[in-house]
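*Asks:* Sending over a structure as structure tokens; questions will come in a sec.
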Amino acid sequence: MTDPQKYLHPDQPDKKIDALLNEAARVDRKHSVTVSNSETTAAFQQVSERTGLASKPSKTKTPLWNWKFAAAAVILLGAIGIGYLSIPNHIAVPHGETKTITLSDQTTITLNSGSTLSYPKWFNIWERTVALNGEAFFEVTTTGMPFQVEAGRGLITVMGTKFNVRSWPDDKNATSVFLEEGRVSFSSADRESKEVVLEPGQFSQLTPKSERPSPPTAADPSKATVWMQQGLAFENQPLSDIFNELSRRFNIKIKAESESLLQEKLTLYLSKVKNAEQTLGDICRVKGLTYSKSGDTFVVSESF
Amino acid sequence: MGSREQEQITVWARRIKASDEGAFSELFHHLYARLVKFAWRYTKSKALAKDIVQESFVKLWKKRQAIDPDQSLLAYVFQIVRNSALNYLRDHPTESIALDDLSPGSLSSSDHIPEVISSDDETGKQMIKLINQLPNRQREAIRLSRFEGLDHEEIAYVMDISSRTVNNHIVKAIKTLKKEWSQHKQNQSSNIYYD
């Protein structure tokens, strides 16, 4: 047993564990969200408005304007209720279900199983921003105010259009966008200047390491939104992503006996999945794997 | 945390207490990104984390008269953000991803990086995995200490426990981490030829 007192003594730092913890902190920072300067500026603007502060530190503005602005902000906020505004709306779709919601601007969003969507109560008042974790199909109403989706590291900015966003934290490809109608700009949230603009029928993805999303390429529309018809479409994707999708969509548990089999890649297209177990069986047969059922969990292993 | 930063924050604390809007703006710009990242560890939603941090600054400004410049303002702000995040998770239990799963999801997204490059991060990832397996309070204390750079007194304030308890949590956490790490190393070497 090591003496715990050792760590209390500043003169005897444990170099090894210190180095390990520093390494953990470095990797942790690398995998955190990024916050750009422009986001900070916008956030401060909002806080200034909420607290009734002058919105800019510069003293050159006419005091009357500032006063009016502050008064208007106070009245507006008083009317709506600060406490109410501070709680964002949060929608979580259980595994095995999908959900379609309509926002106050008449935008409709269809969420895939296991997805969550949150948006501020002031949605459509100052901004139209939603945060997505998972996959959703958006039909955005044109109002003159930009509509933004934050998804993983990606930021999608649109005016009015139909598009699909896929952004599972456990997927290898992080965030991808397919545009059905209209026009969207897609960038990493911290590199908004390095955007790509998608035309209808195009697809682009932002991988965790890249500064900008991939150049838009044509994609098959029936595959990109096949999940809305209970289908599955994967092109050369690791089994880990496919199993994650099956688990969420059909509310089942799938475990793999070894990490390596999860890295096996597969191209798969099913216009409609009728039975999750049968689909799992098909995947196993194609990849030379077997599965067994233990309790409520399917265990996939290499067949010999 | 560097003492120069500490000094700077103390100056801001005094000026904010005296209703200095410029100081409030400087503090906001200095801490915003850091706090959003901190809140995100609990909420896993950036939009939510941003809301929580903005709300915390609104609260700070409203309660500026109550600021004690002799206490760490940094700890005070971290405390507001942490409690708001925890309250949110408490009130929305169905979505609570919370501290319990801090990382696998956020980390695995980099798994596609070619072996040679990703092996650089393996040590850090493995350590994060071990940290995430610690009991809640130990994990929180060690994260605040090593990832957020707060000192023990500040952590005590943020977590609303005594410095002595903070110390105990950290000592225990480090002990477990050391043990788990050497175990991990052993397992790794015995598995090296496994195909």
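Following the order of the structure tokens, first chain is A, next is B, and so on, with residues numbered from 1 inside each chain and ligands from 1 in the order they appear.
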Hey, list the chain A side of the contact with chain B: 8 Å cut-off, only C-alpha atoms, answer as a short mmCIF file (atom, residue, chain, number, x, y, z; two decimals) with all heavy atoms, in the first residue's frame.
*Replies:*
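Resulting contents of out05.cif:
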data_model
loop_
_atom_site.label_atom_id
_atom_site.label_comp_id
_atom_site.auth_asym_id
_atom_site.auth_seq_id
_atom_site.Cartn_x
_atom_site.Cartn_y
_atom_site.Cartn_z
N THR A 2 0.53 2.18 -0.80
CA THR A 2 1.26 3.45 -0.82
C THR A 2 0.71 4.31 0.29
O THR A 2 -0.47 4.25 0.61
CB THR A 2 1.05 4.20 -2.14
OG1 THR A 2 0.57 3.29 -3.09
CG2 THR A 2 2.32 4.84 -2.59
N PRO A 4 -0.85 7.39 1.62
CA PRO A 4 -1.58 8.51 1.03
C PRO A 4 -0.94 9.85 1.38
O PRO A 4 -1.03 10.80 0.61
CB PRO A 4 -2.98 8.42 1.66
CG PRO A 4 -3.04 7.14 2.40
CD PRO A 4 -1.65 6.61 2.54
N TYR A 7 1.14 12.08 -1.10
CA TYR A 7 0.61 13.03 -2.08
C TYR A 7 0.30 14.38 -1.48
O TYR A 7 0.06 15.33 -2.16
CB TYR A 7 -0.64 12.45 -2.74
CG TYR A 7 -0.35 11.14 -3.38
CD1 TYR A 7 -0.84 9.98 -2.82
CD2 TYR A 7 0.46 11.07 -4.51
CE1 TYR A 7 -0.55 8.76 -3.39
CE2 TYR A 7 0.76 9.85 -5.07
CZ TYR A 7 0.26 8.69 -4.50
OH TYR A 7 0.54 7.49 -5.06
N LEU A 8 0.28 14.40 -0.16
CA LEU A 8 -0.01 15.67 0.49
C LEU A 8 1.24 16.52 0.52
O LEU A 8 1.21 17.70 0.76
CB LEU A 8 -0.51 15.44 1.91
CG LEU A 8 -1.80 14.64 2.01
CD1 LEU A 8 -2.18 14.44 3.46
CD2 LEU A 8 -2.91 15.37 1.27
N ILE A 17 2.45 9.91 -12.32
CA ILE A 17 1.00 10.11 -12.38
C ILE A 17 0.70 11.54 -12.84
O ILE A 17 -0.28 11.79 -13.53
CB ILE A 17 0.32 9.75 -11.03
CG1 ILE A 17 -1.18 9.53 -11.21
CG2 ILE A 17 0.54 10.81 -9.98
CD1 ILE A 17 -1.54 8.17 -11.71
N LEU A 20 0.89 11.50 -16.52
CA LEU A 20 -0.28 10.81 -17.08
C LEU A 20 -1.51 11.72 -17.03
O LEU A 20 -2.30 11.79 -17.98
CB LEU A 20 -0.56 9.52 -16.31
CG LEU A 20 0.44 8.38 -16.52
CD1 LEU A 20 0.19 7.25 -15.53
CD2 LEU A 20 0.36 7.85 -17.95
N LEU A 21 -1.67 12.43 -15.91
CA LEU A 21 -2.83 13.31 -15.77
C LEU A 21 -2.74 14.50 -16.73
O LEU A 21 -3.74 14.94 -17.30
CB LEU A 21 -2.97 13.79 -14.33
CG LEU A 21 -3.53 12.74 -13.37
CD1 LEU A 21 -3.29 13.13 -11.92
CD2 LEU A 21 -5.02 12.52 -13.61
N ASN A 22 -1.53 15.00 -16.93
CA ASN A 22 -1.36 16.10 -17.90
C ASN A 22 -1.73 15.64 -19.30
O ASN A 22 -2.34 16.38 -20.06
CB ASN A 22 0.10 16.58 -17.91
CG ASN A 22 0.41 17.39 -16.66
OD1 ASN A 22 -0.50 17.84 -15.96
ND2 ASN A 22 1.70 17.55 -16.37
N GLU A 23 -1.33 14.40 -19.59
CA GLU A 23 -1.64 13.84 -20.90
C GLU A 23 -3.17 13.70 -21.05
O GLU A 23 -3.72 14.04 -22.10
CB GLU A 23 -0.95 12.47 -21.00
CG GLU A 23 -1.00 11.81 -22.35
CD GLU A 23 -0.45 12.66 -23.47
OE1 GLU A 23 0.27 13.64 -23.21
OE2 GLU A 23 -0.79 12.35 -24.64
N ALA A 24 -3.82 13.25 -19.98
CA ALA A 24 -5.29 13.12 -20.01
C ALA A 24 -5.93 14.49 -20.23
O ALA A 24 -6.85 14.63 -21.02
CB ALA A 24 -5.79 12.50 -18.70
N ALA A 25 -5.41 15.51 -19.55
CA ALA A 25 -5.97 16.86 -19.68
C ALA A 25 -5.79 17.37 -21.11
O ALA A 25 -6.69 17.98 -21.68
CB ALA A 25 -5.28 17.81 -18.69
N ARG A 26 -4.64 17.06 -21.71
CA ARG A 26 -4.38 17.52 -23.07
C ARG A 26 -5.37 16.87 -24.06
O ARG A 26 -6.00 17.54 -24.87
CB ARG A 26 -2.95 17.16 -23.48
CG ARG A 26 -2.53 17.68 -24.85
CD ARG A 26 -1.14 17.18 -25.23
NE ARG A 26 -1.10 15.75 -25.48
CZ ARG A 26 -1.53 15.17 -26.60
NH1 ARG A 26 -2.02 15.90 -27.58
NH2 ARG A 26 -1.48 13.86 -26.75
N VAL A 27 -5.53 15.54 -23.93
CA VAL A 27 -6.44 14.84 -24.83
C VAL A 27 -7.89 15.29 -24.58
O VAL A 27 -8.67 15.46 -25.50
CB VAL A 27 -6.29 13.31 -24.66
CG1 VAL A 27 -7.35 12.54 -25.44
CG2 VAL A 27 -4.89 12.88 -25.09
N ASP A 28 -8.20 15.51 -23.31
CA ASP A 28 -9.55 15.96 -22.94
C ASP A 28 -9.87 17.30 -23.62
O ASP A 28 -10.94 17.49 -24.16
CB ASP A 28 -9.61 16.11 -21.42
CG ASP A 28 -10.99 16.47 -20.93
OD1 ASP A 28 -11.83 15.55 -20.88
OD2 ASP A 28 -11.25 17.64 -20.64
N HIS A 31 -10.62 17.07 -27.27
CA HIS A 31 -11.91 16.49 -27.63
C HIS A 31 -13.08 17.28 -27.08
O HIS A 31 -14.19 16.79 -27.02
CB HIS A 31 -11.98 15.04 -27.16
CG HIS A 31 -11.06 14.14 -27.93
ND1 HIS A 31 -11.44 13.57 -29.11
CD2 HIS A 31 -9.78 13.80 -27.71
CE1 HIS A 31 -10.42 12.87 -29.57
NE2 HIS A 31 -9.41 12.99 -28.75
N SER A 32 -12.79 18.49 -26.64
CA SER A 32 -13.89 19.30 -26.11
C SER A 32 -14.53 20.10 -27.25
O SER A 32 -14.04 20.10 -28.37
CB SER A 32 -13.33 20.25 -25.06
OG SER A 32 -14.37 20.93 -24.44
N VAL A 33 -15.62 20.79 -26.95
CA VAL A 33 -16.23 21.66 -27.96
C VAL A 33 -15.35 22.89 -28.13
O VAL A 33 -14.56 23.22 -27.26
CB VAL A 33 -17.64 22.13 -27.54
CG1 VAL A 33 -18.64 21.03 -27.74
CG2 VAL A 33 -17.66 22.63 -26.11
N THR A 34 -15.49 23.56 -29.25
CA THR A 34 -14.73 24.79 -29.44
C THR A 34 -15.70 25.97 -29.38
O THR A 34 -16.86 25.85 -29.74
CB THR A 34 -14.04 24.79 -30.81
OG1 THR A 34 -15.00 24.48 -31.79
CG2 THR A 34 -12.92 23.78 -30.86
N VAL A 35 -15.17 27.08 -28.90
CA VAL A 35 -15.98 28.29 -28.81
C VAL A 35 -15.20 29.39 -29.51
O VAL A 35 -14.09 29.72 -29.11
CB VAL A 35 -16.23 28.67 -27.33
CG1 VAL A 35 -17.08 29.92 -27.24
CG2 VAL A 35 -16.88 27.52 -26.58
N SER A 36 -15.78 29.92 -30.58
CA SER A 36 -15.04 30.92 -31.36
C SER A 36 -15.19 32.30 -30.74
O SER A 36 -16.06 32.53 -29.91
CB SER A 36 -15.60 30.94 -32.78
OG SER A 36 -16.93 31.39 -32.75
N THR A 40 -18.31 34.17 -28.67
CA THR A 40 -18.16 34.86 -27.39
C THR A 40 -18.75 36.26 -27.47
O THR A 40 -19.48 36.70 -26.58
CB THR A 40 -16.67 34.92 -26.99
OG1 THR A 40 -16.15 33.60 -26.98
CG2 THR A 40 -16.49 35.54 -25.63
N THR A 41 -18.45 36.95 -28.58
CA THR A 41 -18.96 38.30 -28.75
C THR A 41 -20.49 38.29 -28.78
O THR A 41 -21.14 39.10 -28.11
CB THR A 41 -18.44 38.90 -30.08
OG1 THR A 41 -17.03 38.69 -30.11
CG2 THR A 41 -18.73 40.38 -30.17
N ALA A 43 -22.45 36.07 -27.52
CA ALA A 43 -22.96 35.69 -26.20
C ALA A 43 -22.93 36.89 -25.26
O ALA A 43 -23.88 37.12 -24.50
CB ALA A 43 -22.12 34.56 -25.62
N PHE A 44 -21.85 37.68 -25.35
CA PHE A 44 -21.77 38.84 -24.47
C PHE A 44 -22.85 39.86 -24.81
O PHE A 44 -23.44 40.49 -23.93
CB PHE A 44 -20.38 39.49 -24.52
CG PHE A 44 -20.25 40.59 -23.50
CD1 PHE A 44 -20.21 40.29 -22.15
CD2 PHE A 44 -20.21 41.93 -23.89
CE1 PHE A 44 -20.14 41.29 -21.19
CE2 PHE A 44 -20.14 42.93 -22.94
CZ PHE A 44 -20.10 42.62 -21.58
N GLN A 46 -25.78 39.16 -25.89
CA GLN A 46 -27.03 38.69 -25.28
C GLN A 46 -27.07 38.95 -23.78
O GLN A 46 -28.09 39.37 -23.24
CB GLN A 46 -27.21 37.19 -25.54
CG GLN A 46 -27.68 36.91 -26.95
CD GLN A 46 -27.83 35.41 -27.21
OE1 GLN A 46 -27.74 34.60 -26.29
NE2 GLN A 46 -28.07 35.05 -28.45
N VAL A 47 -25.92 38.69 -23.14
CA VAL A 47 -25.87 38.91 -21.68
C VAL A 47 -26.06 40.40 -21.39
O VAL A 47 -26.78 40.77 -20.46
CB VAL A 47 -24.54 38.38 -21.10
CG1 VAL A 47 -24.33 38.86 -19.67
CG2 VAL A 47 -24.53 36.86 -21.14
N ARG A 50 -29.63 41.21 -21.63
CA ARG A 50 -30.39 40.65 -20.52
C ARG A 50 -30.17 41.42 -19.23
O ARG A 50 -31.03 41.47 -18.37
CB ARG A 50 -29.98 39.19 -20.30
CG ARG A 50 -30.18 38.30 -21.51
CD ARG A 50 -31.44 37.50 -21.44
NE ARG A 50 -31.73 37.05 -20.08
CZ ARG A 50 -31.36 35.88 -19.60
NH1 ARG A 50 -30.68 35.05 -20.32
NH2 ARG A 50 -31.69 35.55 -18.38
N THR A 51 -28.96 41.96 -19.05
CA THR A 51 -28.67 42.66 -17.80
C THR A 51 -28.95 44.14 -17.92
O THR A 51 -28.80 44.88 -16.97
CB THR A 51 -27.21 42.47 -17.39
OG1 THR A 51 -26.39 42.77 -18.52
CG2 THR A 51 -26.92 41.06 -16.93
N LEU A 53 -27.24 46.22 -19.67
CA LEU A 53 -26.00 46.98 -19.87
C LEU A 53 -26.01 47.57 -21.27
O LEU A 53 -26.67 47.06 -22.16
CB LEU A 53 -24.78 46.06 -19.77
CG LEU A 53 -24.48 45.43 -18.42
CD1 LEU A 53 -23.24 44.56 -18.55
CD2 LEU A 53 -24.25 46.50 -17.39
N PRO A 57 -19.02 48.57 -25.16
CA PRO A 57 -18.32 49.36 -24.15
C PRO A 57 -18.02 50.79 -24.62
O PRO A 57 -17.75 51.66 -23.80
CB PRO A 57 -17.02 48.59 -23.91
CG PRO A 57 -16.89 47.65 -25.06
CD PRO A 57 -18.26 47.43 -25.62
N SER A 86 -34.72 31.29 -19.44
CA SER A 86 -33.40 30.72 -19.20
C SER A 86 -33.39 29.20 -19.35
O SER A 86 -32.34 28.60 -19.44
CB SER A 86 -32.92 31.10 -17.82
OG SER A 86 -33.73 30.47 -16.87
N PRO A 88 -33.80 26.08 -21.54
CA PRO A 88 -33.96 25.72 -22.94
C PRO A 88 -34.95 24.56 -23.08
O PRO A 88 -35.13 23.78 -22.15
CB PRO A 88 -32.57 25.28 -23.37
CG PRO A 88 -31.75 25.21 -22.15
CD PRO A 88 -32.54 25.63 -20.97
N ALA A 92 -36.01 14.65 -26.34
CA ALA A 92 -35.23 13.42 -26.48
C ALA A 92 -36.14 12.33 -27.03
O ALA A 92 -37.24 12.15 -26.53
CB ALA A 92 -34.67 13.01 -25.12
N SER A 118 -32.06 20.44 -28.72
CA SER A 118 -32.40 21.49 -27.76
C SER A 118 -32.32 22.84 -28.45
O SER A 118 -31.55 23.03 -29.40
CB SER A 118 -31.51 21.42 -26.52
OG SER A 118 -30.19 21.23 -26.87
N TYR A 119 -33.13 23.75 -27.97
CA TYR A 119 -33.15 25.10 -28.52
C TYR A 119 -33.64 26.06 -27.46
O TYR A 119 -34.42 25.69 -26.59
CB TYR A 119 -34.06 25.16 -29.77
CG TYR A 119 -35.46 24.66 -29.56
CD1 TYR A 119 -36.50 25.54 -29.25
CD2 TYR A 119 -35.76 23.31 -29.66
CE1 TYR A 119 -37.79 25.08 -29.04
CE2 TYR A 119 -37.04 22.85 -29.46
CZ TYR A 119 -38.06 23.72 -29.16
OH TYR A 119 -39.32 23.26 -28.95
N PRO A 120 -33.12 27.30 -27.50
CA PRO A 120 -33.47 28.24 -26.44
C PRO A 120 -34.94 28.64 -26.53
O PRO A 120 -35.54 28.59 -27.59
CB PRO A 120 -32.56 29.43 -26.71
CG PRO A 120 -32.15 29.31 -28.12
CD PRO A 120 -32.20 27.87 -28.48
N VAL A 130 -30.63 25.68 -33.19
CA VAL A 130 -30.95 24.46 -32.46
C VAL A 130 -29.68 23.62 -32.37
O VAL A 130 -28.77 23.77 -33.18
CB VAL A 130 -32.07 23.64 -33.15
CG1 VAL A 130 -33.34 24.45 -33.29
CG2 VAL A 130 -31.61 23.14 -34.52
N ALA A 131 -29.61 22.78 -31.34
CA ALA A 131 -28.46 21.89 -31.20
C ALA A 131 -28.96 20.46 -31.36
O ALA A 131 -29.92 20.06 -30.71
CB ALA A 131 -27.80 22.08 -29.84
N ASN A 133 -28.07 16.31 -31.43
CA ASN A 133 -27.18 15.20 -31.13
C ASN A 133 -27.88 13.98 -31.72
O ASN A 133 -28.89 13.54 -31.18
CB ASN A 133 -27.02 15.10 -29.61
CG ASN A 133 -26.07 13.99 -29.23
OD1 ASN A 133 -25.56 13.26 -30.08
ND2 ASN A 133 -25.83 13.85 -27.95
N GLU A 150 -26.41 23.37 -34.76
CA GLU A 150 -25.12 22.96 -34.20
C GLU A 150 -25.18 21.45 -34.03
O GLU A 150 -26.07 20.94 -33.35
CB GLU A 150 -24.90 23.58 -32.82
CG GLU A 150 -24.75 25.07 -32.83
CD GLU A 150 -24.64 25.62 -31.40
OE1 GLU A 150 -24.73 24.83 -30.44
OE2 GLU A 150 -24.51 26.83 -31.27
N PRO A 169 -22.28 11.12 -31.70
CA PRO A 169 -20.94 11.23 -31.12
C PRO A 169 -20.13 9.95 -31.28
O PRO A 169 -18.92 9.98 -31.29
CB PRO A 169 -21.21 11.55 -29.65
CG PRO A 169 -22.67 11.32 -29.43
CD PRO A 169 -23.35 11.37 -30.75
N ASP A 170 -20.80 8.79 -31.41
CA ASP A 170 -20.02 7.56 -31.51
C ASP A 170 -19.78 7.11 -32.95
O ASP A 170 -19.21 6.07 -33.19
CB ASP A 170 -20.67 6.44 -30.68
CG ASP A 170 -22.18 6.39 -30.85
OD1 ASP A 170 -22.68 7.07 -31.77
OD2 ASP A 170 -22.85 5.69 -30.08
N ASP A 171 -20.20 7.90 -33.92
CA ASP A 171 -19.92 7.56 -35.32
C ASP A 171 -18.52 8.04 -35.71
O ASP A 171 -18.04 9.03 -35.22
CB ASP A 171 -20.92 8.25 -36.26
CG ASP A 171 -22.12 7.36 -36.55
OD1 ASP A 171 -22.27 6.34 -35.86
OD2 ASP A 171 -22.88 7.71 -37.46
N LYS A 172 -17.94 7.31 -36.66
CA LYS A 172 -16.58 7.67 -37.08
C LYS A 172 -16.58 8.95 -37.90
O LYS A 172 -15.62 9.69 -37.92
CB LYS A 172 -15.98 6.56 -37.95
CG LYS A 172 -16.09 5.19 -37.35
CD LYS A 172 -15.18 5.05 -36.16
CE LYS A 172 -15.36 3.69 -35.53
NZ LYS A 172 -14.98 3.65 -34.15
N ASN A 173 -17.66 9.19 -38.64
CA ASN A 173 -17.63 10.31 -39.55
C ASN A 173 -18.21 11.59 -38.96
O ASN A 173 -18.41 12.57 -39.65
CB ASN A 173 -18.36 9.97 -40.84
CG ASN A 173 -17.57 8.96 -41.63
OD1 ASN A 173 -16.34 8.99 -41.60
ND2 ASN A 173 -18.25 8.03 -42.27
N ALA A 174 -18.47 11.54 -37.68
CA ALA A 174 -18.92 12.71 -36.93
C ALA A 174 -20.18 13.34 -37.51
O ALA A 174 -21.26 12.88 -37.25
CB ALA A 174 -17.80 13.71 -36.79
N PRO A 208 -13.68 14.39 -37.65
CA PRO A 208 -13.23 15.04 -36.42
C PRO A 208 -11.94 15.84 -36.58
O PRO A 208 -11.70 16.79 -35.86
CB PRO A 208 -13.01 13.87 -35.47
CG PRO A 208 -13.90 12.80 -35.98
CD PRO A 208 -13.93 12.97 -37.46
N LYS A 209 -11.09 15.45 -37.51
CA LYS A 209 -9.78 16.09 -37.58
C LYS A 209 -9.72 17.24 -38.59
O LYS A 209 -8.77 18.01 -38.59
CB LYS A 209 -8.73 15.03 -37.99
CG LYS A 209 -8.25 14.25 -36.79
CD LYS A 209 -7.12 15.00 -36.15
CE LYS A 209 -6.99 14.70 -34.66
NZ LYS A 209 -5.73 15.14 -34.12
#
*Asks:* As a ChimeraX atom specification, which residues of range 77-132 of chain A does DSSP assign to alpha helix (DSSP H)?
*Replies:* /A:77-80,82-86
*Asks:* Given the selection you just returned, output its residues as a file containing N, CA, C and O atoms, formatted as a short mmCIF file (atom, residue, chain, number, x, y, z; two decimals), in the first residue's frame.
*Replies:*
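The resulting file, out.cif, is shown below:
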data_model
loop_
_atom_site.label_atom_id
_atom_site.label_comp_id
_atom_site.auth_asym_id
_atom_site.auth_seq_id
_atom_site.Cartn_x
_atom_site.Cartn_y
_atom_site.Cartn_z
N LEU A 77 -38.00 41.74 -21.52
CA LEU A 77 -37.64 40.60 -20.69
C LEU A 77 -38.57 40.47 -19.51
O LEU A 77 -38.94 39.37 -19.11
N GLY A 78 -38.95 41.59 -18.96
CA GLY A 78 -39.88 41.58 -17.84
C GLY A 78 -41.17 40.90 -18.25
O GLY A 78 -41.73 40.08 -17.52
N ALA A 79 -41.61 41.23 -19.48
CA ALA A 79 -42.87 40.69 -19.95
C ALA A 79 -42.79 39.18 -20.15
O ALA A 79 -43.69 38.44 -19.80
N ILE A 80 -41.71 38.73 -20.70
CA ILE A 80 -41.64 37.31 -21.02
C ILE A 80 -41.24 36.48 -19.81
O ILE A 80 -41.64 35.32 -19.68
N ILE A 82 -37.74 36.31 -17.19
CA ILE A 82 -36.35 35.90 -17.35
C ILE A 82 -36.16 34.43 -17.00
O ILE A 82 -35.52 33.67 -17.71
N GLY A 83 -36.80 34.03 -15.92
CA GLY A 83 -36.63 32.65 -15.47
C GLY A 83 -37.08 31.67 -16.53
O GLY A 83 -36.40 30.68 -16.82
N TYR A 84 -38.21 32.00 -17.14
CA TYR A 84 -38.77 31.13 -18.16
C TYR A 84 -37.83 31.00 -19.35
O TYR A 84 -37.57 29.91 -19.85
N LEU A 85 -37.29 32.15 -19.75
CA LEU A 85 -36.40 32.17 -20.91
C LEU A 85 -35.13 31.38 -20.70
O LEU A 85 -34.53 30.88 -21.65
N SER A 86 -34.72 31.29 -19.44
CA SER A 86 -33.40 30.72 -19.20
C SER A 86 -33.39 29.20 -19.35
O SER A 86 -32.34 28.60 -19.44
#
*Asks:* Apply DSSP to the structure's backbone, then extract all residues of range 88-240 of chain A labelled strand (DSSP E or B) and return them as a VMD selection string.
*Replies:* chain A and resid 89 to 92 99 to 102 108 to 111 116 to 119 123 127 to 139 147 to 151 154 to 158 162 to 167 175 to 181 184 to 188 191 to 198 202 to 206 217 to 218 232 to 238
*Asks:* Record the distance separating CA of Leu73 in chain B and CA of Glu5 in chain B, expressed in Å with one decimal.
*Replies:*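 Rounded to one decimal, the two atoms are 11.3 Å apart.
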*Asks:* Provide the CA of Lys265 in chain A to CA of Phe178 in chain A distance in Å, to one decimal place.
*Replies:*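 One can read the CA of Lys265 in chain A to CA of Phe178 in chain A distance as 21.7 Å.
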*Asks:* List as a list in words the protein and nucleic acid residues near range 294-298 of chain A, meaning an atom at most 6 Å away when only C-alpha atoms are counted, but skip any in the same chain fewer than 2 places from it.
*Replies:*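 Counting only the stated atoms, we get Lys253, Ile254 and Ser292 of chain A.
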*Asks:* Just how far from CA of Ile161 in chain B is CA of Val11 in chain B, in Å to one decimal?
*Replies:*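 Separation between CA of Val11 in chain B and CA of Ile161 in chain B: 26.3 Å.
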*Asks:* With a distance cut-off of 6 Å and only C-alpha atoms, select the neighbouring residues of range 235-252 of chain A, excluding the residue or stretch itself and same-chain residues fewer than 6 positions from it, and output the selection as a list of chain:residue names.
*Replies:*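 So, after excluding close chain neighbours, the residues are A:His95, A:Gly96, A:Ser113, A:Gly114, A:Asp171, A:Leu262, A:Gln263, A:Glu264, A:Lys265, A:Leu266, A:Thr267.
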*Asks:* Keeping N, CA, C and O atoms, export the residues of the selection given above as a PDB file, in the first residue's frame.
*Replies:*
ATOM      1  N   HIS A  95     -35.192   5.243 -27.823  1.00  0.00           N
ATOM      2  CA  HIS A  95     -34.800   4.225 -28.793  1.00  0.00           C
ATOM      3  C   HIS A  95     -36.057   3.533 -29.315  1.00  0.00           C
ATOM      4  O   HIS A  95     -37.023   3.366 -28.585  1.00  0.00           O
ATOM      5  N   GLY A  96     -36.035   3.147 -30.569  1.00  0.00           N
ATOM      6  CA  GLY A  96     -37.178   2.439 -31.136  1.00  0.00           C
ATOM      7  C   GLY A  96     -38.285   3.352 -31.636  1.00  0.00           C
ATOM      8  O   GLY A  96     -39.292   2.876 -32.127  1.00  0.00           O
ATOM      9  N   SER A 113     -34.420   7.829 -33.960  1.00  0.00           N
ATOM     10  CA  SER A 113     -34.376   7.206 -32.632  1.00  0.00           C
ATOM     11  C   SER A 113     -33.102   7.576 -31.872  1.00  0.00           C
ATOM     12  O   SER A 113     -32.014   7.547 -32.433  1.00  0.00           O
ATOM     13  N   GLY A 114     -33.259   7.884 -30.603  1.00  0.00           N
ATOM     14  CA  GLY A 114     -32.111   8.157 -29.748  1.00  0.00           C
ATOM     15  C   GLY A 114     -31.538   9.551 -29.904  1.00  0.00           C
ATOM     16  O   GLY A 114     -30.549   9.890 -29.254  1.00  0.00           O
ATOM     17  N   ASP A 171     -20.198   7.904 -33.921  1.00  0.00           N
ATOM     18  CA  ASP A 171     -19.916   7.560 -35.315  1.00  0.00           C
ATOM     19  C   ASP A 171     -18.520   8.036 -35.712  1.00  0.00           C
ATOM     20  O   ASP A 171     -18.044   9.031 -35.221  1.00  0.00           O
ATOM     21  N   LEU A 262     -15.634  -5.071 -34.870  1.00  0.00           N
ATOM     22  CA  LEU A 262     -16.423  -3.845 -35.035  1.00  0.00           C
ATOM     23  C   LEU A 262     -15.835  -2.918 -36.092  1.00  0.00           C
ATOM     24  O   LEU A 262     -16.495  -2.025 -36.589  1.00  0.00           O
ATOM     25  N   GLN A 263     -14.556  -3.120 -36.401  1.00  0.00           N
ATOM     26  CA  GLN A 263     -13.908  -2.252 -37.390  1.00  0.00           C
ATOM     27  C   GLN A 263     -14.141  -2.747 -38.812  1.00  0.00           C
ATOM     28  O   GLN A 263     -13.830  -2.066 -39.774  1.00  0.00           O
ATOM     29  N   GLU A 264     -14.674  -3.973 -38.943  1.00  0.00           N
ATOM     30  CA  GLU A 264     -15.005  -4.526 -40.262  1.00  0.00           C
ATOM     31  C   GLU A 264     -15.972  -3.598 -40.975  1.00  0.00           C
ATOM     32  O   GLU A 264     -16.919  -3.100 -40.375  1.00  0.00           O
ATOM     33  N   LYS A 265     -15.733  -3.374 -42.262  1.00  0.00           N
ATOM     34  CA  LYS A 265     -16.607  -2.445 -42.983  1.00  0.00           C
ATOM     35  C   LYS A 265     -17.635  -3.163 -43.839  1.00  0.00           C
ATOM     36  O   LYS A 265     -17.419  -4.291 -44.268  1.00  0.00           O
ATOM     37  N   LEU A 266     -18.737  -2.493 -44.053  1.00  0.00           N
ATOM     38  CA  LEU A 266     -19.840  -3.120 -44.781  1.00  0.00           C
ATOM     39  C   LEU A 266     -20.641  -2.061 -45.537  1.00  0.00           C
ATOM     40  O   LEU A 266     -20.829  -0.952 -45.048  1.00  0.00           O
ATOM     41  N   THR A 267     -21.060  -2.435 -46.758  1.00  0.00           N
ATOM     42  CA  THR A 267     -22.003  -1.596 -47.498  1.00  0.00           C
ATOM     43  C   THR A 267     -23.344  -2.290 -47.464  1.00  0.00           C
ATOM     44  O   THR A 267     -23.433  -3.487 -47.733  1.00  0.00           O
TER      45      THR A 267
END
